[in-house]
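A short write-up of the structure that comes next.
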Amino acid sequence: MKEKNTLEEHFFEELKRELINGPTKKRHPFRYFSLATIHKQTARQRTVVLRKTLQDTTLLIYTDARSQKIKDIKTNNNVSALFYHPKKLIQVRVEGEAHIITDQQEIRNYWNNISENSRKDYITSRHPGNQIANPENISYNEEKHHFCAIKIIPKQIEYLKLKRPNHIRIVFAKTETNWEGQFLVP
């Protein structure tokens, strides 16, 4: 944002604070969000867990490296994320690029911070989406994990706050050095 304090900056700081609080505050509604990727020119959505929001608004999620979202991102890394806070009536829509983290030390650091119980999500013998006869019959391979981390780098963030007498809607676009905000008709 520009150096001067503007009304747009106030709302940008609010949305940024909510994104940062998502993974850190217990039961924050931004912890789970909808992520859309493109698969054969069709949008595909799924709910994912926000693991971390960096100060520059980069979002971090984890997934199985064999998942469809990884295949989608490898083909077209443009993604959209949708967050909603039902008590504050705030919607945040992030459009950006997804980047699969390949640095093995960074992956190891994230993997080492996952609880033992949660690690099972990344060690299934068959990849996510495979058909099975019974959910009790999932097999695991303790020797190899398929853990993957993704950074979502926002290019544009849209903020919508539902309130009376007027809703507030602002689109923020990333420039080379900062974010520029523009009010929109809700």
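Chain labels follow the order of the structure tokens: the first chain is A, the next B, and so on; residue numbering restarts at 1 in every chain, and ligands are counted from 1 in their shown order.
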
Problem - All residues 10 Å or closer to stretch 167-170 of chain A, only C-alpha atoms, same chain fewer than 5 positions away omitted, as a PyMOL selection string - result: chain A and resi 8+11-12+89-92+157-162+180-186

Handout entry: Spatial neighbours of A:Glu18, max dist 10 Å, only C-alpha atoms, sep filter under 6 positions, as a count of residues only
Key = 12

Give me every strand (DSSP E) residue in stretch 5-185 of chain A, going by DSSP on the backbone, as a PDB file with C-alpha atoms, in the first residue's frame.
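This is the output file part-v6.pdb:
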ATOM      1  CA  TYR A  32     -10.485 -23.950   6.090  1.00  0.00           C
ATOM      2  CA  PHE A  33     -11.089 -22.424   2.691  1.00  0.00           C
ATOM      3  CA  SER A  34     -12.140 -23.345  -0.830  1.00  0.00           C
ATOM      4  CA  LEU A  35      -9.344 -23.670  -3.363  1.00  0.00           C
ATOM      5  CA  ALA A  36     -10.144 -23.748  -7.074  1.00  0.00           C
ATOM      6  CA  THR A  37      -7.816 -25.064  -9.749  1.00  0.00           C
ATOM      7  CA  ILE A  38      -8.359 -25.600 -13.469  1.00  0.00           C
ATOM      8  CA  HIS A  39      -8.684 -29.154 -14.807  1.00  0.00           C
ATOM      9  CA  THR A  42     -13.124 -26.725 -15.864  1.00  0.00           C
ATOM     10  CA  ALA A  43     -12.880 -25.189 -12.389  1.00  0.00           C
ATOM     11  CA  ARG A  44     -12.407 -27.749  -9.609  1.00  0.00           C
ATOM     12  CA  GLN A  45     -12.937 -26.741  -5.990  1.00  0.00           C
ATOM     13  CA  ARG A  46     -12.042 -28.426  -2.750  1.00  0.00           C
ATOM     14  CA  THR A  47     -11.687 -27.439   0.889  1.00  0.00           C
ATOM     15  CA  VAL A  48      -8.101 -27.197   2.105  1.00  0.00           C
ATOM     16  CA  VAL A  49      -6.408 -26.197   5.349  1.00  0.00           C
ATOM     17  CA  LYS A  52       0.372 -20.394   7.350  1.00  0.00           C
ATOM     18  CA  THR A  53       0.039 -16.882   5.968  1.00  0.00           C
ATOM     19  CA  LEU A  59      -0.574 -18.649   1.684  1.00  0.00           C
ATOM     20  CA  LEU A  60       0.793 -22.088   2.567  1.00  0.00           C
ATOM     21  CA  ILE A  61      -1.141 -25.365   2.267  1.00  0.00           C
ATOM     22  CA  TYR A  62      -0.222 -29.053   2.426  1.00  0.00           C
ATOM     23  CA  THR A  63      -1.450 -31.874   0.203  1.00  0.00           C
ATOM     24  CA  ASP A  64      -0.631 -35.315  -1.115  1.00  0.00           C
ATOM     25  CA  ASN A  78      -3.516 -20.061 -11.657  1.00  0.00           C
ATOM     26  CA  VAL A  79      -5.730 -20.651  -8.613  1.00  0.00           C
ATOM     27  CA  SER A  80      -8.484 -18.956  -6.663  1.00  0.00           C
ATOM     28  CA  ALA A  81      -9.048 -19.173  -2.906  1.00  0.00           C
ATOM     29  CA  LEU A  82     -12.273 -18.221  -1.152  1.00  0.00           C
ATOM     30  CA  PHE A  83     -12.557 -17.437   2.570  1.00  0.00           C
ATOM     31  CA  TYR A  84     -15.664 -16.474   4.543  1.00  0.00           C
ATOM     32  CA  HIS A  85     -16.044 -15.236   8.121  1.00  0.00           C
ATOM     33  CA  ILE A  90     -16.314 -10.842   5.530  1.00  0.00           C
ATOM     34  CA  GLN A  91     -15.525 -12.619   2.279  1.00  0.00           C
ATOM     35  CA  VAL A  92     -11.985 -12.642   0.907  1.00  0.00           C
ATOM     36  CA  ARG A  93     -11.228 -13.956  -2.564  1.00  0.00           C
ATOM     37  CA  VAL A  94      -7.600 -14.462  -3.539  1.00  0.00           C
ATOM     38  CA  GLU A  95      -6.466 -14.958  -7.121  1.00  0.00           C
ATOM     39  CA  GLY A  96      -2.872 -15.946  -7.609  1.00  0.00           C
ATOM     40  CA  GLU A  97      -0.294 -18.472  -8.655  1.00  0.00           C
ATOM     41  CA  ALA A  98       0.347 -21.760  -6.888  1.00  0.00           C
ATOM     42  CA  HIS A  99       3.946 -22.912  -6.596  1.00  0.00           C
ATOM     43  CA  ILE A 100       4.842 -26.420  -5.509  1.00  0.00           C
ATOM     44  CA  PHE A 147       3.695 -34.991   1.478  1.00  0.00           C
ATOM     45  CA  CYS A 148       3.763 -31.818  -0.573  1.00  0.00           C
ATOM     46  CA  ALA A 149       3.577 -28.129   0.313  1.00  0.00           C
ATOM     47  CA  ILE A 150       2.199 -25.386  -1.914  1.00  0.00           C
ATOM     48  CA  LYS A 151       2.637 -21.641  -1.707  1.00  0.00           C
ATOM     49  CA  ILE A 152      -0.103 -19.491  -3.178  1.00  0.00           C
ATOM     50  CA  ILE A 153       1.237 -16.091  -4.192  1.00  0.00           C
ATOM     51  CA  PRO A 154      -1.633 -13.616  -4.500  1.00  0.00           C
ATOM     52  CA  LYS A 155      -1.852 -11.292  -7.494  1.00  0.00           C
ATOM     53  CA  GLN A 156      -5.252  -9.896  -6.625  1.00  0.00           C
ATOM     54  CA  ILE A 157      -7.329  -9.955  -3.436  1.00  0.00           C
ATOM     55  CA  GLU A 158     -10.952  -8.951  -3.278  1.00  0.00           C
ATOM     56  CA  TYR A 159     -12.480  -7.960   0.067  1.00  0.00           C
ATOM     57  CA  LEU A 160     -16.227  -7.846   0.681  1.00  0.00           C
ATOM     58  CA  LYS A 161     -17.761  -6.793   3.981  1.00  0.00           C
ATOM     59  CA  ILE A 168     -17.943  -2.506   1.253  1.00  0.00           C
ATOM     60  CA  ARG A 169     -16.124  -4.135  -1.663  1.00  0.00           C
ATOM     61  CA  ILE A 170     -12.521  -3.445  -2.611  1.00  0.00           C
ATOM     62  CA  VAL A 171     -10.176  -5.105  -5.062  1.00  0.00           C
ATOM     63  CA  PHE A 172      -6.454  -4.998  -4.276  1.00  0.00           C
ATOM     64  CA  ALA A 173      -3.945  -5.592  -7.065  1.00  0.00           C
ATOM     65  CA  LYS A 174      -0.304  -6.442  -6.466  1.00  0.00           C
ATOM     66  CA  TRP A 179      -0.815  -3.367  -3.099  1.00  0.00           C
ATOM     67  CA  GLU A 180      -3.154  -0.861  -4.742  1.00  0.00           C
ATOM     68  CA  GLY A 181      -6.801  -0.793  -3.673  1.00  0.00           C
ATOM     69  CA  GLN A 182      -9.904   0.260  -5.583  1.00  0.00           C
ATOM     70  CA  PHE A 183     -13.442   0.388  -4.210  1.00  0.00           C
ATOM     71  CA  LEU A 184     -16.075  -1.492  -6.246  1.00  0.00           C
TER      72      LEU A 184
END

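When atom CA of A:His146 is paired with atom CA of A:Ile70, their separation reads 11.4 Å.
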
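You will find atom CA of A:His127 at 10.6 Å from atom CA of A:Tyr140.
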
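For A:Pro128, the set of protein, DNA and RNA residues having any atom at most 10 Å away, when counting only C-alpha atoms and skipping those fewer than 4 positions along the same chain, is Thr63, Asp64, Ala65, Arg66, Ser67, Gln68, Asp121, Tyr122 and Thr124 of chain A.
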
Residues as selected, C-alpha atoms, written as a PDB file, in the first residue's frame, can you do that?
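Saved file out.pdb follows:
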ATOM      1  CA  THR A  63      -1.450 -31.874   0.203  1.00  0.00           C
ATOM      2  CA  ASP A  64      -0.631 -35.315  -1.115  1.00  0.00           C
ATOM      3  CA  ALA A  65       1.789 -35.013  -4.045  1.00  0.00           C
ATOM      4  CA  ARG A  66      -0.352 -37.498  -6.004  1.00  0.00           C
ATOM      5  CA  SER A  67      -3.561 -35.448  -5.675  1.00  0.00           C
ATOM      6  CA  GLN A  68      -5.465 -34.019  -8.614  1.00  0.00           C
ATOM      7  CA  ASP A 121      -2.956 -38.618   5.231  1.00  0.00           C
ATOM      8  CA  TYR A 122       0.279 -38.586   3.230  1.00  0.00           C
ATOM      9  CA  THR A 124      -1.648 -44.081   1.858  1.00  0.00           C
TER      10      THR A 124
END

Fill in the blank from the handout: re atom CA of A:Leu19 and atom CA of A:Gly129: distance 29.0 Å

Handout entry: All residues 9 Å or closer to A:Ser125, only C-alpha atoms, same chain fewer than 3 positions away omitted, as a PyMOL selection string
Key = chain A and resi 138-141

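Of the listed residues (A:Trp111, A:Leu50, A:Asn130, A:Gln55), A:Gln55 comes nearest to A:Glu13; the distances count only C-alpha atoms.
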
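Of the listed residues A:Asn112, A:Arg126, A:Pro165, A:Glu14, the one whose atoms come nearest to A:Lys88 is A:Glu14, with distances taken using only C-alpha atoms.
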
Practice task
Compare A:Thr175, A:Arg51, A:Ser118, A:Gln105 by their minimum atom-to-atom distance to A:Gly22, counting only C-alpha atoms, and give me the closest one.
Solution key: A:Arg51

Problem - Residues of chain A in helix (DSSP H, G or I), written as an MDAnalysis selection string - result: chainID A and resid 7:24 29:31 68:75 104:112 116:122 135:137

Using N, CA and C atoms, can you export the residues from the last selection as a short mmCIF file (atom, residue, chain, number, x, y, z; two decimals), in the first residue's frame?
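This is the output file again-v4.cif:
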data_model
loop_
_atom_site.label_atom_id
_atom_site.label_comp_id
_atom_site.auth_asym_id
_atom_site.auth_seq_id
_atom_site.Cartn_x
_atom_site.Cartn_y
_atom_site.Cartn_z
N LEU A 7 -8.27 4.78 3.56
CA LEU A 7 -9.35 3.89 3.93
C LEU A 7 -9.11 2.50 3.35
N GLU A 8 -8.59 2.44 2.11
CA GLU A 8 -8.28 1.15 1.50
C GLU A 8 -7.25 0.38 2.33
N GLU A 9 -6.25 1.11 2.84
CA GLU A 9 -5.22 0.46 3.67
C GLU A 9 -5.84 -0.17 4.92
N HIS A 10 -6.80 0.53 5.51
CA HIS A 10 -7.47 0.00 6.71
C HIS A 10 -8.09 -1.36 6.41
N PHE A 11 -8.79 -1.46 5.29
CA PHE A 11 -9.44 -2.72 4.94
C PHE A 11 -8.42 -3.78 4.52
N PHE A 12 -7.34 -3.37 3.87
CA PHE A 12 -6.30 -4.33 3.51
C PHE A 12 -5.67 -4.92 4.76
N GLU A 13 -5.39 -4.08 5.75
CA GLU A 13 -4.82 -4.57 7.01
C GLU A 13 -5.79 -5.51 7.71
N GLU A 14 -7.09 -5.23 7.64
CA GLU A 14 -8.08 -6.12 8.25
C GLU A 14 -8.07 -7.49 7.57
N LEU A 15 -8.10 -7.51 6.24
CA LEU A 15 -8.12 -8.80 5.55
C LEU A 15 -6.81 -9.55 5.78
N LYS A 16 -5.71 -8.85 5.81
CA LYS A 16 -4.42 -9.48 6.07
C LYS A 16 -4.38 -10.09 7.47
N ARG A 17 -4.90 -9.37 8.45
CA ARG A 17 -4.95 -9.86 9.82
C ARG A 17 -5.80 -11.13 9.91
N GLU A 18 -6.94 -11.13 9.21
CA GLU A 18 -7.80 -12.33 9.22
C GLU A 18 -7.08 -13.51 8.57
N LEU A 19 -6.37 -13.28 7.48
CA LEU A 19 -5.62 -14.37 6.84
C LEU A 19 -4.51 -14.89 7.74
N ILE A 20 -3.84 -14.01 8.45
CA ILE A 20 -2.78 -14.44 9.38
C ILE A 20 -3.37 -15.19 10.56
N ASN A 21 -4.54 -14.75 11.04
CA ASN A 21 -5.19 -15.41 12.17
C ASN A 21 -5.77 -16.76 11.82
N GLY A 22 -6.10 -16.97 10.55
CA GLY A 22 -6.71 -18.23 10.11
C GLY A 22 -6.03 -19.47 10.65
N PRO A 23 -4.75 -19.65 10.42
CA PRO A 23 -4.09 -20.86 10.91
C PRO A 23 -3.61 -20.77 12.37
N THR A 24 -3.65 -19.59 12.98
CA THR A 24 -3.06 -19.45 14.31
C THR A 24 -4.09 -19.35 15.44
N PRO A 29 -12.56 -19.08 11.22
CA PRO A 29 -13.18 -19.61 9.99
C PRO A 29 -12.29 -19.58 8.76
N PHE A 30 -11.20 -18.84 8.77
CA PHE A 30 -10.31 -18.83 7.62
C PHE A 30 -9.34 -20.01 7.62
N ARG A 31 -9.37 -20.85 8.65
CA ARG A 31 -8.48 -22.02 8.69
C ARG A 31 -8.78 -22.96 7.52
N GLN A 68 -5.08 -34.67 -7.36
CA GLN A 68 -5.47 -34.02 -8.61
C GLN A 68 -5.06 -32.55 -8.61
N LYS A 69 -5.11 -31.89 -7.46
CA LYS A 69 -4.76 -30.46 -7.45
C LYS A 69 -3.31 -30.24 -7.85
N ILE A 70 -2.43 -31.17 -7.52
CA ILE A 70 -1.03 -31.05 -7.94
C ILE A 70 -0.93 -31.19 -9.46
N LYS A 71 -1.64 -32.14 -10.01
CA LYS A 71 -1.66 -32.30 -11.47
C LYS A 71 -2.20 -31.04 -12.15
N ASP A 72 -3.27 -30.50 -11.57
CA ASP A 72 -3.86 -29.28 -12.13
C ASP A 72 -2.87 -28.12 -12.09
N ILE A 73 -2.20 -27.95 -10.96
CA ILE A 73 -1.25 -26.85 -10.78
C ILE A 73 -0.07 -26.98 -11.73
N LYS A 74 0.37 -28.20 -11.95
CA LYS A 74 1.49 -28.41 -12.89
C LYS A 74 1.10 -28.01 -14.31
N THR A 75 -0.18 -28.16 -14.65
CA THR A 75 -0.67 -27.79 -15.98
C THR A 75 -0.98 -26.31 -16.08
N GLN A 104 13.95 -29.56 -0.62
CA GLN A 104 13.79 -30.72 0.26
C GLN A 104 13.95 -30.37 1.74
N GLN A 105 14.79 -29.41 2.07
CA GLN A 105 14.94 -29.01 3.47
C GLN A 105 13.67 -28.33 3.97
N GLU A 106 13.09 -27.49 3.15
CA GLU A 106 11.84 -26.83 3.52
C GLU A 106 10.72 -27.86 3.70
N ILE A 107 10.65 -28.82 2.79
CA ILE A 107 9.65 -29.90 2.90
C ILE A 107 9.87 -30.68 4.19
N ARG A 108 11.11 -31.01 4.48
CA ARG A 108 11.44 -31.76 5.70
C ARG A 108 11.02 -30.99 6.95
N ASN A 109 11.25 -29.68 6.95
CA ASN A 109 10.86 -28.86 8.11
C ASN A 109 9.35 -28.89 8.32
N TYR A 110 8.58 -28.76 7.25
CA TYR A 110 7.12 -28.82 7.38
C TYR A 110 6.68 -30.21 7.83
N TRP A 111 7.26 -31.25 7.21
CA TRP A 111 6.89 -32.63 7.54
C TRP A 111 7.16 -32.92 9.01
N ASN A 112 8.28 -32.44 9.52
CA ASN A 112 8.63 -32.71 10.91
C ASN A 112 7.71 -32.01 11.90
N GLU A 116 1.93 -37.03 14.32
CA GLU A 116 1.98 -38.42 13.86
C GLU A 116 0.62 -38.85 13.31
N ASN A 117 -0.44 -38.45 13.98
CA ASN A 117 -1.78 -38.82 13.55
C ASN A 117 -2.12 -38.24 12.17
N SER A 118 -1.68 -37.02 11.91
CA SER A 118 -1.98 -36.37 10.63
C SER A 118 -1.10 -36.89 9.50
N ARG A 119 0.03 -37.48 9.81
CA ARG A 119 0.93 -37.98 8.77
C ARG A 119 0.31 -39.09 7.93
N LYS A 120 -0.66 -39.80 8.50
CA LYS A 120 -1.28 -40.91 7.76
C LYS A 120 -1.95 -40.43 6.47
N ASP A 121 -2.33 -39.16 6.44
CA ASP A 121 -2.96 -38.62 5.23
C ASP A 121 -2.01 -38.60 4.03
N TYR A 122 -0.72 -38.70 4.30
CA TYR A 122 0.28 -38.59 3.23
C TYR A 122 1.03 -39.90 2.97
N PRO A 135 -14.06 -47.80 3.39
CA PRO A 135 -13.12 -46.83 3.97
C PRO A 135 -12.25 -47.41 5.08
N GLU A 136 -12.65 -48.56 5.61
CA GLU A 136 -11.85 -49.20 6.67
C GLU A 136 -10.65 -49.95 6.08
N ASN A 137 -10.63 -50.13 4.78
CA ASN A 137 -9.59 -50.95 4.16
C ASN A 137 -8.48 -50.15 3.51
#
